[in-house]
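Below is model-v4.cif, which holds mmCIF, C-alpha atoms and all ligand atoms.
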```cif
data_run
#
loop_
_atom_site.group_PDB
_atom_site.id
_atom_site.type_symbol
_atom_site.label_atom_id
_atom_site.label_comp_id
_atom_site.auth_asym_id
_atom_site.auth_seq_id
_atom_site.Cartn_x
_atom_site.Cartn_y
_atom_site.Cartn_z
ATOM 1 C CA MET A 1 0.000 0.000 0.000
ATOM 2 C CA SER A 2 1.582 3.295 -1.070
ATOM 3 C CA VAL A 3 0.967 6.615 -2.773
ATOM 4 C CA TYR A 4 2.684 6.792 -6.163
ATOM 5 C CA PHE A 5 4.004 10.197 -7.084
ATOM 6 C CA PRO A 6 4.194 11.191 -10.745
ATOM 7 C CA GLN A 7 7.947 10.969 -11.108
ATOM 8 C CA ASN A 8 7.754 7.247 -10.338
ATOM 9 C CA LYS A 9 5.798 6.761 -13.581
ATOM 10 C CA GLN A 10 4.031 3.751 -12.154
ATOM 11 C CA SER A 11 1.652 1.985 -14.475
ATOM 12 C CA PHE A 12 -2.039 1.752 -13.637
ATOM 13 C CA GLN A 13 -2.677 -1.726 -12.196
ATOM 14 C CA ALA A 14 -5.976 -3.568 -11.746
ATOM 15 C CA GLY A 15 -7.359 -2.944 -8.258
ATOM 16 C CA GLU A 16 -5.817 0.529 -7.979
ATOM 17 C CA VAL A 17 -7.339 3.994 -7.817
ATOM 18 C CA ALA A 18 -6.028 6.968 -9.789
ATOM 19 C CA LEU A 19 -7.038 10.341 -8.419
ATOM 20 C CA VAL A 20 -6.719 12.531 -11.483
ATOM 21 C CA GLY A 21 -7.150 16.268 -11.969
ATOM 22 C CA ALA A 22 -9.023 17.000 -15.200
ATOM 23 C CA GLY A 23 -8.284 20.732 -15.154
ATOM 24 C CA PRO A 24 -10.895 23.459 -15.427
ATOM 25 C CA GLY A 25 -12.740 22.338 -18.562
ATOM 26 C CA ASP A 26 -10.777 22.980 -21.750
ATOM 27 C CA PRO A 27 -9.394 19.554 -22.766
ATOM 28 C CA ASP A 28 -6.250 21.292 -24.027
ATOM 29 C CA LEU A 29 -5.393 21.925 -20.376
ATOM 30 C CA LEU A 30 -5.323 18.256 -19.467
ATOM 31 C CA THR A 31 -1.847 16.977 -18.567
ATOM 32 C CA LEU A 32 -0.296 14.168 -20.578
ATOM 33 C CA GLN A 33 -0.213 12.113 -17.424
ATOM 34 C CA ALA A 34 -3.939 12.622 -16.816
ATOM 35 C CA TYR A 35 -4.569 11.602 -20.422
ATOM 36 C CA ARG A 36 -2.527 8.409 -19.949
ATOM 37 C CA PHE A 37 -4.660 7.378 -16.952
ATOM 38 C CA ILE A 38 -7.906 8.354 -18.688
ATOM 39 C CA GLN A 39 -7.059 6.064 -21.589
ATOM 40 C CA GLN A 40 -6.589 3.071 -19.280
ATOM 41 C CA ALA A 41 -9.611 3.518 -17.017
ATOM 42 C CA GLU A 42 -12.102 0.674 -16.581
ATOM 43 C CA VAL A 43 -14.404 2.551 -14.216
ATOM 44 C CA VAL A 44 -14.595 6.320 -13.891
ATOM 45 C CA ILE A 45 -16.141 8.102 -10.929
ATOM 46 C CA TYR A 46 -16.549 11.710 -11.948
ATOM 47 C CA ASP A 47 -17.812 15.100 -10.902
ATOM 48 C CA ARG A 48 -20.021 17.682 -12.514
ATOM 49 C CA LEU A 49 -16.990 19.906 -13.169
ATOM 50 C CA VAL A 50 -15.408 17.417 -15.586
ATOM 51 C CA SER A 51 -16.188 18.590 -19.115
ATOM 52 C CA GLN A 52 -17.897 16.444 -21.744
ATOM 53 C CA GLU A 53 -14.909 16.840 -24.062
ATOM 54 C CA ILE A 54 -12.717 15.188 -21.453
ATOM 55 C CA MET A 55 -15.268 12.450 -20.774
ATOM 56 C CA ALA A 56 -15.194 11.726 -24.512
ATOM 57 C CA LEU A 57 -11.525 10.701 -24.177
ATOM 58 C CA LEU A 58 -12.411 7.666 -22.019
ATOM 59 C CA PRO A 59 -12.408 4.195 -23.579
ATOM 60 C CA ASN A 60 -15.860 3.287 -24.937
ATOM 61 C CA ASP A 61 -16.242 0.332 -22.593
ATOM 62 C CA CYS A 62 -15.278 2.273 -19.459
ATOM 63 C CA GLN A 63 -18.066 2.207 -16.863
ATOM 64 C CA ARG A 64 -19.165 5.765 -16.032
ATOM 65 C CA VAL A 65 -20.382 6.604 -12.515
ATOM 66 C CA TYR A 66 -21.578 10.173 -11.970
ATOM 67 C CA VAL A 67 -21.277 11.537 -8.454
ATOM 68 C CA GLY A 68 -21.586 15.219 -9.377
ATOM 69 C CA LYS A 69 -22.127 17.601 -6.595
ATOM 70 C CA LYS A 70 -23.837 20.907 -6.360
ATOM 71 C CA GLN A 71 -23.521 22.967 -3.228
ATOM 72 C CA ALA A 72 -26.102 21.877 -0.642
ATOM 73 C CA GLU A 73 -27.360 19.175 -2.976
ATOM 74 C CA HIS A 74 -24.798 16.397 -2.782
ATOM 75 C CA ARG A 75 -25.971 13.720 -5.203
ATOM 76 C CA VAL A 76 -23.767 11.058 -3.661
ATOM 77 C CA PRO A 77 -22.522 11.864 -0.151
ATOM 78 C CA GLN A 78 -18.744 11.863 0.338
ATOM 79 C CA ASP A 79 -18.893 8.598 2.312
ATOM 80 C CA GLY A 80 -20.681 6.996 -0.617
ATOM 81 C CA ILE A 81 -18.024 8.213 -3.075
ATOM 82 C CA ASN A 82 -15.237 6.870 -0.870
ATOM 83 C CA GLN A 83 -16.977 3.509 -0.672
ATOM 84 C CA LEU A 84 -17.528 3.384 -4.446
ATOM 85 C CA LEU A 85 -13.794 3.815 -5.009
ATOM 86 C CA VAL A 86 -13.014 0.973 -2.647
ATOM 87 C CA ASP A 87 -15.737 -1.338 -3.997
ATOM 88 C CA HIS A 88 -14.619 -0.973 -7.617
ATOM 89 C CA ALA A 89 -10.950 -1.365 -6.693
ATOM 90 C CA LEU A 90 -11.743 -4.540 -4.712
ATOM 91 C CA ASP A 91 -13.539 -5.712 -7.844
ATOM 92 C CA LYS A 92 -10.052 -5.578 -9.461
ATOM 93 C CA LYS A 93 -10.857 -2.658 -11.746
ATOM 94 C CA LYS A 94 -8.594 0.231 -12.738
ATOM 95 C CA VAL A 95 -10.579 2.936 -10.991
ATOM 96 C CA LEU A 96 -10.256 6.491 -12.247
ATOM 97 C CA ARG A 97 -11.435 9.192 -9.873
ATOM 98 C CA LEU A 98 -11.685 12.169 -12.213
ATOM 99 C CA LYS A 99 -12.073 15.592 -10.638
ATOM 100 C CA GLY A 100 -12.296 19.139 -11.919
ATOM 101 C CA GLY A 101 -9.130 21.213 -11.549
ATOM 102 C CA ASP A 102 -6.624 19.731 -9.146
ATOM 103 C CA PRO A 103 -7.755 16.910 -6.829
ATOM 104 C CA PHE A 104 -5.837 18.385 -3.894
ATOM 105 C CA VAL A 105 -7.251 21.924 -4.230
ATOM 106 C CA PHE A 106 -10.713 22.072 -2.637
ATOM 107 C CA GLY A 107 -11.368 18.695 -4.184
ATOM 108 C CA ARG A 108 -11.470 16.405 -1.148
ATOM 109 C CA GLY A 109 -8.722 14.433 -2.858
ATOM 110 C CA GLY A 110 -6.852 14.024 0.415
ATOM 111 C CA GLU A 111 -9.885 12.469 2.107
ATOM 112 C CA GLU A 112 -10.467 10.039 -0.736
ATOM 113 C CA ALA A 113 -6.804 8.990 -0.913
ATOM 114 C CA LEU A 114 -6.687 8.413 2.853
ATOM 115 C CA PHE A 115 -9.844 6.317 2.696
ATOM 116 C CA VAL A 116 -8.679 4.012 -0.084
ATOM 117 C CA LEU A 117 -5.221 3.614 1.483
ATOM 118 C CA LYS A 118 -6.905 2.645 4.757
ATOM 119 C CA HIS A 119 -8.583 -0.167 2.836
ATOM 120 C CA GLY A 120 -5.257 -1.453 1.531
ATOM 121 C CA ILE A 121 -5.651 0.030 -1.958
ATOM 122 C CA SER A 122 -2.858 1.940 -3.709
ATOM 123 C CA CYS A 123 -3.612 5.334 -5.151
ATOM 124 C CA HIS A 124 -2.022 7.382 -7.949
ATOM 125 C CA ILE A 125 -2.193 11.156 -7.545
ATOM 126 C CA VAL A 126 -2.192 13.171 -10.757
ATOM 127 C CA PRO A 127 -2.293 16.947 -10.440
ATOM 128 C CA GLY A 128 -4.494 19.118 -12.633
ATOM 129 C CA ILE A 129 -4.498 22.798 -13.492
ATOM 130 C CA THR A 130 -6.548 24.427 -10.802
ATOM 131 C CA ALA A 131 -9.328 26.908 -11.646
ATOM 132 C CA ALA A 132 -7.497 29.861 -10.079
ATOM 133 C CA SER A 133 -4.580 29.420 -12.410
ATOM 134 C CA ALA A 134 -6.429 28.580 -15.622
ATOM 135 C CA CYS A 135 -9.448 30.887 -15.414
ATOM 136 C CA THR A 136 -7.333 33.940 -14.635
ATOM 137 C CA SER A 137 -4.922 33.212 -17.487
ATOM 138 C CA TYR A 138 -7.785 32.834 -19.939
ATOM 139 C CA VAL A 139 -9.158 36.265 -19.053
ATOM 140 C CA GLY A 140 -5.819 38.047 -18.728
ATOM 141 C CA ILE A 141 -5.429 38.403 -14.964
ATOM 142 C CA PRO A 142 -1.921 37.669 -13.650
ATOM 143 C CA LEU A 143 -2.237 36.232 -10.140
ATOM 144 C CA THR A 144 0.948 37.971 -9.066
ATOM 145 C CA HIS A 145 2.548 41.023 -10.662
ATOM 146 C CA ARG A 146 5.688 42.820 -9.578
ATOM 147 C CA GLN A 147 4.823 45.827 -7.391
ATOM 148 C CA THR A 148 1.096 45.051 -7.559
ATOM 149 C CA ALA A 149 0.678 41.651 -5.915
ATOM 150 C CA GLN A 150 3.420 39.780 -4.133
ATOM 151 C CA SER A 151 1.261 36.964 -2.884
ATOM 152 C CA CYS A 152 -1.896 35.152 -3.747
ATOM 153 C CA THR A 153 -4.322 33.250 -1.535
ATOM 154 C CA PHE A 154 -6.723 30.542 -2.661
ATOM 155 C CA ILE A 155 -9.562 30.379 -0.179
ATOM 156 C CA THR A 156 -12.943 28.732 0.135
ATOM 157 C CA GLY A 157 -16.129 30.785 0.240
ATOM 158 C CA HIS A 158 -18.244 27.727 0.955
ATOM 159 C CA VAL A 159 -20.511 28.418 3.897
ATOM 160 C CA LYS A 160 -20.905 25.751 6.547
ATOM 161 C CA ASP A 161 -24.294 24.124 7.158
ATOM 162 C CA CYS A 162 -24.850 26.590 10.003
ATOM 163 C CA GLY A 163 -24.559 29.472 7.499
ATOM 164 C CA GLN A 164 -21.206 30.642 8.871
ATOM 165 C CA LEU A 165 -18.185 31.621 6.806
ATOM 166 C CA ASP A 166 -15.439 31.439 9.344
ATOM 167 C CA LEU A 167 -12.289 32.781 7.636
ATOM 168 C CA PRO A 168 -9.139 34.541 8.898
ATOM 169 C CA TRP A 169 -10.287 37.920 7.512
ATOM 170 C CA SER A 170 -7.517 39.915 9.186
ATOM 171 C CA THR A 171 -4.901 38.007 7.155
ATOM 172 C CA LEU A 172 -6.554 39.103 3.902
ATOM 173 C CA GLN A 173 -6.305 42.860 4.288
ATOM 174 C CA ASN A 174 -2.931 43.408 2.560
ATOM 175 C CA SER A 175 -3.574 45.400 -0.637
ATOM 176 C CA LYS A 176 -0.699 43.629 -2.421
ATOM 177 C CA GLN A 177 -2.232 40.210 -1.976
ATOM 178 C CA THR A 178 -4.513 38.694 -4.609
ATOM 179 C CA ILE A 179 -7.420 36.709 -3.175
ATOM 180 C CA VAL A 180 -9.127 33.960 -5.142
ATOM 181 C CA PHE A 181 -12.348 32.568 -3.737
ATOM 182 C CA TYR A 182 -13.547 29.134 -4.778
ATOM 183 C CA MET A 183 -17.214 28.261 -4.128
ATOM 184 C CA GLY A 184 -17.947 31.820 -3.099
ATOM 185 C CA VAL A 185 -20.912 32.992 -5.185
ATOM 186 C CA LYS A 186 -23.493 32.500 -2.452
ATOM 187 C CA SER A 187 -21.363 34.140 0.220
ATOM 188 C CA ILE A 188 -20.397 37.247 -1.752
ATOM 189 C CA PRO A 189 -22.235 39.697 0.549
ATOM 190 C CA ILE A 190 -20.295 38.333 3.557
ATOM 191 C CA ILE A 191 -17.008 38.291 1.617
ATOM 192 C CA SER A 192 -17.290 41.946 0.545
ATOM 193 C CA GLN A 193 -18.448 43.134 3.925
ATOM 194 C CA GLN A 194 -15.764 41.262 5.882
ATOM 195 C CA LEU A 195 -12.889 42.207 3.583
ATOM 196 C CA ILE A 196 -13.860 45.888 3.704
ATOM 197 C CA ALA A 197 -14.203 45.657 7.496
ATOM 198 C CA ALA A 198 -10.742 44.050 7.621
ATOM 199 C CA GLY A 199 -9.284 47.027 5.771
ATOM 200 C CA ARG A 200 -9.390 46.215 2.032
ATOM 201 C CA ASP A 201 -10.265 49.256 -0.035
ATOM 202 C CA LYS A 202 -13.865 49.020 -1.233
ATOM 203 C CA THR A 203 -12.801 50.150 -4.723
ATOM 204 C CA THR A 204 -10.375 47.207 -5.103
ATOM 205 C CA PRO A 205 -10.902 45.696 -8.577
ATOM 206 C CA ALA A 206 -12.622 42.306 -8.625
ATOM 207 C CA ALA A 207 -13.615 39.816 -11.297
ATOM 208 C CA LEU A 208 -16.104 36.979 -11.482
ATOM 209 C CA ILE A 209 -15.236 34.216 -13.930
ATOM 210 C CA TYR A 210 -18.074 31.836 -14.764
ATOM 211 C CA LYS A 211 -17.219 28.436 -16.310
ATOM 212 C CA GLY A 212 -13.709 29.569 -17.133
ATOM 213 C CA THR A 213 -11.900 27.927 -20.093
ATOM 214 C CA THR A 214 -15.142 26.432 -21.433
ATOM 215 C CA PRO A 215 -17.193 27.688 -24.399
ATOM 216 C CA GLU A 216 -19.622 29.167 -21.829
ATOM 217 C CA GLN A 217 -16.950 31.245 -20.122
ATOM 218 C CA ARG A 218 -18.043 34.734 -19.025
ATOM 219 C CA VAL A 219 -16.021 37.304 -17.139
ATOM 220 C CA TYR A 220 -17.546 40.177 -15.220
ATOM 221 C CA ARG A 221 -15.424 42.995 -13.835
ATOM 222 C CA SER A 222 -16.518 44.705 -10.662
ATOM 223 C CA THR A 223 -15.156 46.179 -7.448
ATOM 224 C CA LEU A 224 -15.064 44.721 -3.965
ATOM 225 C CA GLU A 225 -18.053 46.790 -2.838
ATOM 226 C CA SER A 226 -20.108 46.135 -6.015
ATOM 227 C CA LEU A 227 -19.585 42.376 -6.246
ATOM 228 C CA HIS A 228 -23.016 41.486 -4.912
ATOM 229 C CA GLU A 229 -24.706 43.966 -7.227
ATOM 230 C CA THR A 230 -22.869 42.405 -10.193
ATOM 231 C CA VAL A 231 -23.914 38.896 -9.165
ATOM 232 C CA ILE A 232 -27.568 39.938 -8.959
ATOM 233 C CA LYS A 233 -27.528 42.002 -12.140
ATOM 234 C CA GLU A 234 -25.815 39.330 -14.223
ATOM 235 C CA ALA A 235 -27.555 36.400 -12.479
ATOM 236 C CA ILE A 236 -24.195 34.727 -11.868
ATOM 237 C CA LYS A 237 -24.254 31.130 -10.666
ATOM 238 C CA PRO A 238 -21.619 28.550 -9.742
ATOM 239 C CA PRO A 239 -19.139 27.410 -10.905
ATOM 240 C CA THR A 240 -17.661 30.862 -10.632
ATOM 241 C CA LEU A 241 -14.299 32.002 -9.412
ATOM 242 C CA ILE A 242 -13.962 35.333 -7.608
ATOM 243 C CA VAL A 243 -10.686 37.226 -7.968
ATOM 244 C CA ILE A 244 -10.037 40.272 -5.803
ATOM 245 C CA GLY A 245 -7.006 42.543 -6.089
ATOM 246 C CA ASP A 246 -5.324 45.218 -8.178
ATOM 247 C CA VAL A 247 -4.085 42.550 -10.631
ATOM 248 C CA VAL A 248 -7.620 42.449 -12.045
ATOM 249 C CA GLY A 249 -6.974 45.880 -13.588
ATOM 250 C CA ILE A 250 -3.565 45.131 -15.144
ATOM 251 C CA PHE A 251 -4.862 44.324 -18.613
ATOM 252 C CA ASP A 252 -7.893 46.595 -18.494
ATOM 253 C CA GLN A 253 -6.698 48.526 -21.516
ATOM 254 C CA VAL A 254 -5.983 45.458 -23.606
ATOM 255 C CA GLU A 255 -8.326 43.570 -25.882
ATOM 256 C CA LEU A 256 -9.140 40.236 -24.245
ATOM 257 C CA SER A 257 -10.271 37.387 -26.420
ATOM 258 C CA ASN A 258 -11.414 35.217 -23.477
ATOM 259 C CA ILE A 259 -9.090 32.394 -24.451
ATOM 260 C CA GLY A 260 -5.857 33.656 -23.010
ATOM 261 C CA TYR A 261 -5.040 35.574 -26.172
ATOM 262 C CA LEU A 262 -4.151 39.214 -25.672
ATOM 263 C CA THR A 263 -3.900 41.556 -28.622
ATOM 264 C CA PRO A 264 -2.333 45.031 -28.561
ATOM 265 C CA GLN A 265 -4.623 48.046 -28.877
ATOM 266 C CA ILE A 266 -3.959 49.918 -32.093
ATOM 267 C CA SER A 267 -4.672 53.602 -31.700
HETATM 268 N N1 LIG A 301 -10.545 21.094 -7.504
HETATM 269 C C1 LIG A 301 -11.074 22.250 -8.208
HETATM 270 C C2 LIG A 301 -11.934 23.101 -7.320
HETATM 271 C C3 LIG A 301 -13.203 22.446 -6.853
HETATM 272 S S1 LIG A 301 -14.168 23.495 -5.822
HETATM 273 C C4 LIG A 301 -9.917 23.032 -8.805
HETATM 274 O O1 LIG A 301 -8.756 22.767 -8.467
HETATM 275 O O2 LIG A 301 -10.162 23.902 -9.638
HETATM 276 C C5 LIG A 301 -15.369 24.069 -6.979
HETATM 277 C C6 LIG A 301 -15.190 25.547 -7.252
HETATM 278 O O3 LIG A 301 -14.050 25.749 -8.090
HETATM 279 C C7 LIG A 301 -16.322 26.192 -8.009
HETATM 280 O O4 LIG A 301 -17.380 26.559 -7.145
HETATM 281 C C8 LIG A 301 -15.645 27.413 -8.593
HETATM 282 O O5 LIG A 301 -15.474 28.422 -7.623
HETATM 283 C C9 LIG A 301 -14.276 26.864 -8.930
HETATM 284 N N2 LIG A 301 -14.179 26.397 -10.326
HETATM 285 C C10 LIG A 301 -13.821 25.176 -10.743
HETATM 286 N N3 LIG A 301 -13.789 25.105 -12.088
HETATM 287 C C11 LIG A 301 -14.139 26.349 -12.520
HETATM 288 C C12 LIG A 301 -14.288 26.926 -13.805
HETATM 289 N N4 LIG A 301 -14.062 26.229 -14.925
HETATM 290 N N5 LIG A 301 -14.658 28.225 -13.876
HETATM 291 C C13 LIG A 301 -14.887 28.948 -12.772
HETATM 292 N N6 LIG A 301 -14.756 28.455 -11.530
HETATM 293 C C14 LIG A 301 -14.391 27.172 -11.403
#
```
Could you express the structure from this file as structure tokens?
Amino acid sequence: MSVYFPQNKQSFQAGEVALVGAGPGDPDLLTLQAYRFIQQAEVVIYDRLVSQEIMALLPNDCQRVYVGKKQAEHRVPQDGINQLLVDHALDKKKVLRLKGGDPFVFGRGGEEALFVLKHGISCHIVPGITAASACTSYVGIPLTHRQTAQSCTFITGHVKDCGQLDLPWSTLQNSKQTIVFYMGVKSIPIISQQLIAAGRDKTTPAALIYKGTTPEQRVYRSTLESLHETVIKEAIKPPTLIVIGDVVGIFDQVELSNIGYLTPQIS
């Protein structure tokens, strides 16, 4: 029983689980390693964030098990997903656990790996391009930028069942820190209010990126204080990434094509 890290280049054996990051949607952003595991899968257990184009890369005879989750409407509870991984692995299948983005970034990948290891099953871990990295690139927002942002925080905006969003707000007040919220659409009023209370300027540029890197991608520019207004006005839903910080304004004057292609303005 062991965790195989990518550099070991272990082959996918029957009775093993591969926890694979599928990236944010665009199949071009899949890693070669992810592709290698996808091609060998006998059973795939996948999320709602995995795009159809990526699902189309699976072998025809691969058994597909959908365990997609929406906030507050978990189709298969986490315990059930963990058990599915174990059951299929014990059935001597090559079990692909395909997740949006990176499995270890707000993906519960750690929990799933621990669970299968506890049941004596080996687990491959294949990183994916996380939404914060891909979505911002596609809309021309550098996460860090010399003199503008020296650090970047990825943080969850997912509210607990009790309705609380218990975050270390005081650590997020530095104006030269980019903040990226995952799962934050529903908690935007709290996010804006708490960040402003913690000392972030209310005019700080912000962006909302809906379904980044997919054909449905939309980007909405706003400010910290107007985020909620923008969400209401544009009827923005998950999956959306929220980016807050002066980096959002860096390419304001440049033509953005929405696919990570910047063209100079000709005046
Ligand atoms: N493991 C994933 C994150 C899962 S949490 C990763 O590494 O990217 C789910 C949240 O991620 C969504 O609510 C949204 O905030 C963000 N997200 C994932 N894919 C996205 C996409 N293509 N566009 C915008 N946001 C996305």
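The neighbours of segment 232-235 of chain A here are the residues that come within 12 Å of it, using all atoms listed in the file and leaving out any residue fewer than 5 positions away in the same chain; they are Val185, Lys186, Ile188, Pro189, Leu208, Ile209, Tyr210, Arg218, Val219, Tyr220, Arg221, Ser222, Ser226, Leu227 and Thr240 of chain A.
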> Any idea what's packed within 12 Å of Pro59 of chain A, counting all atoms listed in the file, ignoring anything in its chain fewer than 4 positions away? Could you give it as a ChimeraX atom specification?
Replying inline: /A:35-44,54-55,63-64,96
Just the selected residues (C-alpha atoms), exported as a compact mmCIF listing (two decimals), in the frame of the given file, please.
```txt
# COMPACT_ATOMS: atom_id res chain seq x y z
CA TYR A 35 -4.57 11.60 -20.42
CA ARG A 36 -2.53 8.41 -19.95
CA PHE A 37 -4.66 7.38 -16.95
CA ILE A 38 -7.91 8.35 -18.69
CA GLN A 39 -7.06 6.06 -21.59
CA GLN A 40 -6.59 3.07 -19.28
CA ALA A 41 -9.61 3.52 -17.02
CA GLU A 42 -12.10 0.67 -16.58
CA VAL A 43 -14.40 2.55 -14.22
CA VAL A 44 -14.60 6.32 -13.89
CA ILE A 54 -12.72 15.19 -21.45
CA MET A 55 -15.27 12.45 -20.77
CA GLN A 63 -18.07 2.21 -16.86
CA ARG A 64 -19.16 5.76 -16.03
CA LEU A 96 -10.26 6.49 -12.25
```
>> Since I can't run it myself right now, could you work out what the PyMOL selection byres (((chain A and resi 242-250) around 6) and not hetatm) selects here and report it as an MDAnalysis selection string?
In response: chainID A and resid 141 178:181 204:208 241 251:252
> atom CA of Ile190 of chain A and atom CA of Lys176 of chain A, how far apart in Å?
Replying inline: 21.2 Å
>> I'd like to see the residues matched by the PyMOL selection byres (((chain A and resi 159-164) around 10) and not hetatm) on this file, and ideally I'd get them as number ranges by chain.
In response: A: 71-72, 156-158, 165-167, 183-184, 186-187, 190
> Can I get the residues close to ligand LIG 301 (chain A) as a list in words, where close means within 6 Å and we count all atoms listed in the file?
Replying inline: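 Protein and nucleic-acid residues within 6 Å of ligand LIG 301 (chain A): Pro24, Gly25, Gly100, Gly101, Asp102, Pro103, Val105, Phe106, Gly107, Thr130, Ala131, Tyr182, Met183, Ile209, Tyr210, Lys211, Gly212, Thr213, Pro238, Pro239, Thr240 and Leu241 of chain A.
Between atom CA of Asp47 of chain A and atom CA of His228 of chain A lies a distance of 27.6 Å.
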> What's the 10 Å shell around segment 26-30 of chain A, counting all atoms listed in the file, without same-chain residues fewer than 6 positions away, as an MDAnalysis selection string?
Replying inline: chainID A and resid 20 50:57 101 127:130 134 212:215 259
Centre, edges in Å (one decimal): axis-aligned box, segment 174-193 of chain A, 8 Å padding on all six sides, as AutoDock Vina command-line options:
```
--center_x -12.1 --center_y 36.8 --center_z -0.6 --size_x 38.8 --size_y 33.1 --size_z 25.1
```
Explicit residue set for the PyMOL selection byres (((chain A and resi 87-92) around 12) and not hetatm), as a PDB file with C-alpha atoms, in the coordinates of the input:
```
ATOM      1  CA  PHE A  12      -2.039   1.752 -13.637  1.00  0.00           C
ATOM      2  CA  GLN A  13      -2.677  -1.726 -12.196  1.00  0.00           C
ATOM      3  CA  ALA A  14      -5.976  -3.568 -11.746  1.00  0.00           C
ATOM      4  CA  GLY A  15      -7.359  -2.944  -8.258  1.00  0.00           C
ATOM      5  CA  GLU A  16      -5.817   0.529  -7.979  1.00  0.00           C
ATOM      6  CA  VAL A  17      -7.339   3.994  -7.817  1.00  0.00           C
ATOM      7  CA  ALA A  18      -6.028   6.968  -9.789  1.00  0.00           C
ATOM      8  CA  ALA A  41      -9.611   3.518 -17.017  1.00  0.00           C
ATOM      9  CA  GLU A  42     -12.102   0.674 -16.581  1.00  0.00           C
ATOM     10  CA  VAL A  43     -14.404   2.551 -14.216  1.00  0.00           C
ATOM     11  CA  VAL A  44     -14.595   6.320 -13.891  1.00  0.00           C
ATOM     12  CA  ILE A  45     -16.141   8.102 -10.929  1.00  0.00           C
ATOM     13  CA  GLN A  63     -18.066   2.207 -16.863  1.00  0.00           C
ATOM     14  CA  ARG A  64     -19.165   5.765 -16.032  1.00  0.00           C
ATOM     15  CA  VAL A  65     -20.382   6.604 -12.515  1.00  0.00           C
ATOM     16  CA  GLY A  80     -20.681   6.996  -0.617  1.00  0.00           C
ATOM     17  CA  ILE A  81     -18.024   8.213  -3.075  1.00  0.00           C
ATOM     18  CA  ASN A  82     -15.237   6.870  -0.870  1.00  0.00           C
ATOM     19  CA  GLN A  83     -16.977   3.509  -0.672  1.00  0.00           C
ATOM     20  CA  LEU A  84     -17.528   3.384  -4.446  1.00  0.00           C
ATOM     21  CA  LEU A  85     -13.794   3.815  -5.009  1.00  0.00           C
ATOM     22  CA  VAL A  86     -13.014   0.973  -2.647  1.00  0.00           C
ATOM     23  CA  LYS A  93     -10.857  -2.658 -11.746  1.00  0.00           C
ATOM     24  CA  LYS A  94      -8.594   0.231 -12.738  1.00  0.00           C
ATOM     25  CA  VAL A  95     -10.579   2.936 -10.991  1.00  0.00           C
ATOM     26  CA  LEU A  96     -10.256   6.491 -12.247  1.00  0.00           C
ATOM     27  CA  ARG A  97     -11.435   9.192  -9.873  1.00  0.00           C
ATOM     28  CA  PHE A 115      -9.844   6.317   2.696  1.00  0.00           C
ATOM     29  CA  VAL A 116      -8.679   4.012  -0.084  1.00  0.00           C
ATOM     30  CA  LEU A 117      -5.221   3.614   1.483  1.00  0.00           C
ATOM     31  CA  HIS A 119      -8.583  -0.167   2.836  1.00  0.00           C
ATOM     32  CA  GLY A 120      -5.257  -1.453   1.531  1.00  0.00           C
ATOM     33  CA  ILE A 121      -5.651   0.030  -1.958  1.00  0.00           C
ATOM     34  CA  SER A 122      -2.858   1.940  -3.709  1.00  0.00           C
ATOM     35  CA  CYS A 123      -3.612   5.334  -5.151  1.00  0.00           C
TER      36      CYS A 123
END
```
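Nearest residue to Ser151 of chain A among A:Thr136, A:Thr263, A:Gln177, A:Thr171 is A:Gln177, counting only C-alpha atoms.
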>> What's the separation between atom CA of Thr230 of chain A and atom CA of Leu262 of chain A, in Å to one decimal place?
In response: 24.5 Å
Leaving out Trp169 of chain A and any residue of its chain fewer than 4 positions from it, which residues lie within 12 Å of it when counting all atoms listed in the file, given as a short mmCIF file (atom, residue, chain, number, x, y, z; two decimals) with C-alpha atoms, in the coordinates of the input?
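Okay, selection_8.cif is ready:
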```cif
data_model
loop_
_atom_site.label_atom_id
_atom_site.label_comp_id
_atom_site.auth_asym_id
_atom_site.auth_seq_id
_atom_site.Cartn_x
_atom_site.Cartn_y
_atom_site.Cartn_z
CA THR A 153 -4.32 33.25 -1.54
CA ILE A 155 -9.56 30.38 -0.18
CA GLY A 157 -16.13 30.78 0.24
CA LEU A 165 -18.18 31.62 6.81
CA GLN A 173 -6.30 42.86 4.29
CA ASN A 174 -2.93 43.41 2.56
CA ILE A 179 -7.42 36.71 -3.18
CA ILE A 190 -20.30 38.33 3.56
CA ILE A 191 -17.01 38.29 1.62
CA SER A 192 -17.29 41.95 0.55
CA GLN A 193 -18.45 43.13 3.92
CA GLN A 194 -15.76 41.26 5.88
CA LEU A 195 -12.89 42.21 3.58
CA ILE A 196 -13.86 45.89 3.70
CA ALA A 197 -14.20 45.66 7.50
CA ALA A 198 -10.74 44.05 7.62
CA GLY A 199 -9.28 47.03 5.77
CA ARG A 200 -9.39 46.22 2.03
#
```
>> Restricting the calculation to all atoms listed in the file: of A:Phe104, A:Tyr261, A:Tyr46, A:Tyr138, which residue gets closest to Tyr66 of chain A?
In response: A:Tyr46
